[in-house]
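Here's the structure we're looking at; comments come further down.
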There are 2 protein chains.
Amino acid sequence: MRLEEEIKQKSFSSVYHRLTVNILFTASWLNTQSSRILKPFGITPQQFNVLRILRGQNQKPVSVSLIQERMLDKNSNASRLIDKLFEKKYIERKTCPEDRRQMDIIINQKGLDLLAEIEPQIQQMDNIFKSLSVDEAKLVGDLLDKLRG
Amino acid sequence: MRLEEEIKQKSFSSVYHRLTVNILFTASWLNTQSSRILKPFGITPQQFNVLRILRGQNQKPVSVSLIQERMLDKNSNASRLIDKLFEKKYIERKTCPEDRRQMDIIINQKGLDLLAEIEPQIQQMDNIFKSLSVDEAKLVGDLLDKLRG
DNA sequence: TTACATATAATGTATATACATATATTTGTA
DNA sequence: TACAAATATATGTATATACATTATATGTAA
């Protein structure tokens, strides 16, 4: 649906401004979708993202700062997200023996099982996007890369 | 910069998934930019957005729900954002005499002055986007509209 | 070796998001 | 008129964002 209808705004001061608003609005819309999918599993989009980052490391223990730099939101607080995942027993966490400032973090079987259970539903969400062709999706992605300089 | 470098991820399961991540990442990046611009003014991006919505009504008193439906983030809590703006004395708020469930909300001169002061800096931010041509910006915007169905 | 800068996490505080629930008021209808 | 339903807003609670500060460990230069 056109942005103008979604937020009931007739016009924008420039195409650039309209694009800013459009990106923010679309992101919020995507977050709402994924929040709803994840809610029954008792997990938030940010926690889900951290679990996927951990799985991507193939059982190699990683530090909090490595997770942080791979997160979508660089300002979020990886330390507290990891706390939550630890409380829910989806990860293991221990002090790194080589450098006791660091934590060694690793996803466990329960965490992997959760991801496997959730993933088909999240893929369905990505399918919402099929209103765009592969070429269009690729084009938007490339232009977003370009936009960020 | 390419998304792959920004979040140090080598590949994505599909162009569609890459696009989801790219939109979320770009929105977070934009939020960070505008947060930093607004910080010296003691205001958040969401509060700034509400002030602009109010100005758009040209001194016509509006309800909390009208503001909510124009907000970028439909799940945010307009009632509490308005509280903050009222505390900072940028808006007036009184019960609507025709319907005492509603609030009549209006931006005051202090609020308008604040917007006027901030706006040039925010426009500069939109200019970051000038790495895209007008046609490219328009194209991305149209495709985002299409994507949301 | 100490002294000090830097690195890594954790913690504190204010605000926002997400969603459920409560309260007041108005409207529709039996 | 009486009362159920709908509407408008406020409030409560858990989590996340944004950013400053603190605590501890490590590296390095004098």
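Residue numbers start at 1 in each chain; chains themselves are named A, B, ... in the order of the structure tokens; ligands are numbered from 1 in the order shown.
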Chain D contacts to chain B at 10 Å (only C-alpha atoms (C1' of nucleotides)) as a PyMOL selection string: chain D and resi 7-11+17-18
Neighbour list for Asn75 (chain B) as a list in words, cut-off 9 Å, only C-alpha atoms (C1' of nucleotides), skip fewer than 5 positions in-chain: Ser28 and Thr32 of chain A; Gln68 of chain B; DT17, DA18 and DC19 of chain C
Residues of chain B in strand (DSSP E), written as a PyMOL selection string: chain B and resi 91-95+103-107
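Candidate residues A:Ile122, A:Val62, A:Leu24, A:Ile105 were compared for distance to Pro45 (chain B), and the nearest is A:Leu24, using only C-alpha atoms.
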Spatial neighbours of DT2 (chain C), 12 Å, only C-alpha atoms (C1' of nucleotides), chain gap at least 4 places, as number ranges by chain: D: 28-30
Interface, chain C side, toward chain B (12 Å; only C-alpha atoms (C1' of nucleotides)) as number ranges by chain: C: 14-19, 23-27
Contact residues (chain B, partner chain A, 8 Å, only C-alpha atoms) as an MDAnalysis selection string: chainID B and resid 1:3 6:9 15:30 69:73 126:132 134 136:138 140:141 143:149
Coordinates-based distance that separates CA of Arg93 (chain B) from CA of Phe41 (chain B) (Å, one decimal): 21.7 Å
Residue nearest Lys88 (chain B) among B:Arg52, B:Lys39, B:Lys60, B:Lys110 (counting only C-alpha atoms):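 Among B:Arg52, B:Lys39, B:Lys60, B:Lys110, it is B:Lys110 that comes nearest to Lys88 (chain B).
Omitting Leu115 (chain A) and its sequence neighbours fewer than 3 positions away, and counting only C-alpha atoms (C1' of nucleotides), the residues within 12 Å are Leu38, Phe41, Ile43, Pro45, Gln47, Phe48, Asn49, Val50, Leu51, Arg52, Ile53, Leu54, Arg55, Gly56, Tyr90, Ile107, Asn108, Gln109, Lys110, Gly111, Leu112, Ile118, Glu119, Pro120, Gln121, Ile122 and Gln123 of chain A.
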